[in-house]
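Listing of query.cif; format and content: mmCIF, C-alpha atoms.
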```cif
data_my_file
#
loop_
_atom_site.label_atom_id
_atom_site.label_comp_id
_atom_site.auth_asym_id
_atom_site.auth_seq_id
_atom_site.Cartn_x
_atom_site.Cartn_y
_atom_site.Cartn_z
CA MET A 311 0.56 -40.66 -17.11
CA SER A 312 -0.83 -37.44 -18.54
CA GLU A 313 1.48 -34.89 -20.10
CA LYS A 314 1.98 -31.32 -18.93
CA THR A 315 0.35 -28.66 -21.09
CA ALA A 316 1.54 -25.06 -21.01
CA ILE A 317 -1.25 -22.49 -20.80
CA THR A 318 -0.92 -18.99 -22.30
CA PRO A 319 -4.26 -17.24 -22.66
CA THR A 320 -5.05 -14.81 -25.44
CA GLY A 321 -3.98 -11.35 -24.35
CA HIS A 322 -1.03 -12.53 -22.28
CA ALA A 323 2.46 -11.74 -23.53
CA ALA A 324 4.88 -14.59 -24.00
CA PRO A 325 6.76 -15.16 -20.74
CA PRO A 326 10.16 -13.45 -20.64
CA ALA A 327 11.95 -16.66 -19.61
CA ALA A 328 11.47 -20.44 -19.65
CA PHE A 329 8.20 -20.59 -17.71
CA SER A 330 4.50 -20.75 -18.50
CA HIS A 331 1.59 -18.61 -17.32
CA GLY A 332 -0.03 -21.86 -16.30
CA VAL A 333 0.57 -25.58 -16.53
CA ARG A 334 -2.06 -28.29 -16.54
CA LYS A 335 -1.35 -31.96 -15.88
CA GLY A 336 -4.36 -34.21 -15.62
CA ASN A 337 -6.89 -32.45 -13.43
CA ILE A 338 -4.37 -30.10 -11.79
CA LEU A 339 -3.79 -26.57 -13.05
CA GLN A 340 -1.10 -24.37 -11.53
CA VAL A 341 -1.39 -20.69 -12.41
CA ALA A 342 1.98 -18.95 -12.22
CA GLY A 343 2.29 -15.62 -10.46
CA GLN A 344 0.31 -13.02 -12.35
CA VAL A 345 0.65 -9.26 -12.02
CA GLY A 346 -1.47 -6.27 -13.00
CA PHE A 347 -0.44 -5.94 -16.64
CA LEU A 348 -3.12 -4.91 -19.10
CA PRO A 349 -3.71 -7.26 -22.06
CA ALA A 350 -0.62 -7.42 -24.24
CA VAL A 351 -0.23 -5.41 -27.41
CA ALA A 352 2.14 -6.92 -29.98
CA GLY A 353 5.40 -5.02 -30.20
CA GLN A 354 4.83 -3.03 -27.00
CA SER A 355 6.25 -3.47 -23.53
CA PRO A 356 3.80 -4.61 -20.83
CA VAL A 357 1.70 -1.81 -19.31
CA VAL A 358 0.64 -1.80 -15.65
CA ALA A 359 -3.13 -1.33 -15.13
CA GLY A 360 -2.52 1.72 -12.98
CA PRO A 361 -0.59 3.00 -10.01
CA THR A 362 -3.16 2.05 -7.35
CA LEU A 363 -3.49 -1.20 -5.45
CA ARG A 364 -7.15 -1.41 -6.53
CA GLU A 365 -6.36 -1.16 -10.25
CA GLN A 366 -3.52 -3.65 -10.04
CA THR A 367 -5.39 -6.14 -7.83
CA LEU A 368 -8.46 -6.24 -10.07
CA GLN A 369 -6.34 -6.63 -13.21
CA THR A 370 -4.20 -9.29 -11.54
CA LEU A 371 -7.31 -11.27 -10.55
CA GLU A 372 -8.59 -11.00 -14.14
CA ASN A 373 -5.23 -12.24 -15.42
CA VAL A 374 -5.38 -15.23 -13.07
CA ARG A 375 -8.94 -15.89 -14.24
CA ALA A 376 -7.82 -15.78 -17.88
CA VAL A 377 -5.24 -18.51 -17.21
CA LEU A 378 -7.83 -20.57 -15.32
CA ARG A 379 -10.30 -20.32 -18.19
CA ALA A 380 -7.66 -21.14 -20.81
CA GLY A 381 -6.84 -24.24 -18.76
CA GLY A 382 -10.49 -25.31 -18.48
CA ALA A 383 -11.07 -24.12 -14.91
CA ASP A 384 -12.90 -21.38 -13.06
CA TRP A 385 -12.70 -19.82 -9.61
CA ASP A 386 -14.73 -22.64 -8.02
CA ASP A 387 -11.95 -25.07 -9.01
CA VAL A 388 -9.30 -23.08 -7.14
CA MET A 389 -8.02 -24.74 -3.99
CA MET A 390 -5.28 -22.27 -3.04
CA ILE A 391 -4.49 -18.64 -3.77
CA ARG A 392 -1.24 -16.99 -2.79
CA VAL A 393 -1.04 -13.21 -2.74
CA TYR A 394 2.26 -11.35 -2.63
CA LEU A 395 2.17 -7.69 -1.64
CA THR A 396 5.09 -5.25 -1.68
CA ASP A 397 3.85 -3.24 1.32
CA THR A 398 2.46 -4.42 4.65
CA GLY A 399 0.25 -1.34 4.66
CA HIS A 400 -1.76 -2.82 1.77
CA PHE A 401 -3.14 -5.86 3.61
CA ALA A 402 -6.47 -4.35 4.71
CA GLU A 403 -7.19 -2.66 1.37
CA MET A 404 -6.31 -5.81 -0.59
CA ASN A 405 -8.61 -7.89 1.63
CA GLU A 406 -11.51 -5.50 0.93
CA ILE A 407 -10.88 -5.59 -2.83
CA TYR A 408 -10.45 -9.38 -2.76
CA ASP A 409 -13.67 -9.96 -0.78
CA ALA A 410 -15.71 -7.67 -3.06
CA TYR A 411 -14.28 -9.27 -6.21
CA PHE A 412 -15.16 -12.80 -5.11
CA ALA A 413 -18.61 -11.72 -3.91
CA GLU A 414 -19.23 -10.40 -7.46
CA GLN A 415 -17.98 -13.70 -8.92
CA GLY A 416 -20.51 -15.66 -6.86
CA LEU A 417 -17.79 -17.91 -5.48
CA ARG A 418 -19.46 -20.83 -3.69
CA THR A 419 -16.59 -21.81 -1.40
CA ALA A 420 -13.59 -19.62 -0.73
CA PRO A 421 -10.23 -21.27 -1.46
CA ALA A 422 -7.46 -21.49 1.06
CA ALA A 423 -5.35 -18.35 0.83
CA ARG A 424 -2.09 -16.93 2.00
CA THR A 425 -0.87 -13.35 1.80
CA THR A 426 2.73 -12.37 2.35
CA VAL A 427 5.01 -9.45 1.69
CA TYR A 428 7.50 -9.83 -1.13
CA VAL A 429 9.73 -6.94 -2.09
CA GLY A 430 11.19 -8.43 -5.27
CA LEU A 431 8.53 -7.35 -7.78
CA PRO A 432 9.63 -5.04 -10.60
CA ALA A 433 9.29 -1.30 -9.96
CA GLY A 434 5.70 -0.07 -10.00
CA LEU A 435 4.11 -3.46 -9.33
CA LEU A 436 2.30 -3.77 -6.00
CA ILE A 437 0.82 -7.27 -6.11
CA GLU A 438 1.30 -10.74 -7.57
CA ILE A 439 -1.16 -13.64 -7.30
CA ASP A 440 -0.84 -17.33 -8.13
CA ALA A 441 -3.41 -20.10 -7.84
CA LEU A 442 -3.74 -23.87 -7.77
CA ALA A 443 -6.88 -25.43 -9.24
CA VAL A 444 -8.13 -29.02 -9.25
CA LEU A 445 -10.68 -29.78 -11.95
CA ASP A 446 -13.41 -32.40 -11.70
#
```

Would you write the structure of this file as structure tokens?
Amino acid sequence: MSEKTAITPTGHAAPPAAFSHGVRKGNILQVAGQVGFLPAVAGQSPVVAGPTLREQTLQTLENVRAVLRAGGADWDDVMMIRVYLTDTGHFAEMNEIYDAYFAEQGLRTAPAARTTVYVGLPAGLLIEIDALAVLD
């Protein structure tokens, strides 16, 4: 039985509680919910990429990608993406940003995805994304 390995990519702050940014066990990598924080600076509080959904979505996707890479995966290994928005009015804009981002990434096959509204994110955060990857 393979052991679980915690994944914390360079540029990510240490989690504020007993959880990991990602966990890999065997060929499965679960990326924990990521938000639109800019890369961490030692001794400073996390900084949100910007006030807009576009800024936060693009940074959040890059943060997910950083965990994937640190765990030995890439977007083509992702089987499922879950997106949590804080406002139902953001669905259409997020879908446009999401589609354009993955077109730029050259994604061969889109993963399964689910988007829902979640109002429990800290103030100022508009989106959270997690992902499940299965590596070859």

(message) Once the PyMOL selection byres ((chain A and resi 395) around 6) has been evaluated on this model, what residues remain selected, and can you format them as a ChimeraX atom specification?
(response) /A:394,396-397,427-428,436-437

Point to revise | Spatial neighbours of A:Gln369, 9 Å, all atoms listed in the file, chain gap at least 5 places, as a ChimeraX atom specification | key: /A:345-348,358-359,364,374

Q: Identify which of the residues A:Ala350, A:Leu339, A:Thr419, A:Glu313 lies closest to A:Arg379, counting all atoms listed in the file when measuring atom-to-atom distances.
A: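 Of A:Ala350, A:Leu339, A:Thr419, A:Glu313, the one nearest A:Arg379 is A:Leu339, counting all atoms listed in the file.
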
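Nearest to A:Ser355 of all the residues A:Trp385, A:Ala324, A:Leu431, A:Gln415 is A:Ala324, counting all atoms listed in the file.
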
Restricting the calculation to only C-alpha atoms, which member of A:Leu445, A:Leu417, A:Ala380, A:Ile407 is positioned closest to A:Lys335?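 Nearest candidate to A:Lys335 out of A:Leu445, A:Leu417, A:Ala380, A:Ile407: A:Leu445.
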
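Among the candidate residues A:His322, A:Arg375, A:His400, A:Arg334, the one lying nearest to A:Thr425 is A:His400, with distances computed using all atoms listed in the file.
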
query: Which residues fall under the PyMOL selection byres ((chain A and resi 383) around 12) in this file, as a PyMOL selection string?
result: chain A and resi 317+332-334+337-341+374-382+384-389+441-446

**Q.** Atomic distance atom CA of A:Ala328 - atom CA of A:Ala352, expressed in Å with one decimal
**A.**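 Atom CA of A:Ala328 sits 19.4 Å away from atom CA of A:Ala352.
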
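Compared by their closest atoms to A:Ala410, and using all atoms listed in the file, the residues A:Lys314, A:Gly434, A:Leu371, A:Arg392 rank with A:Leu371 nearest.
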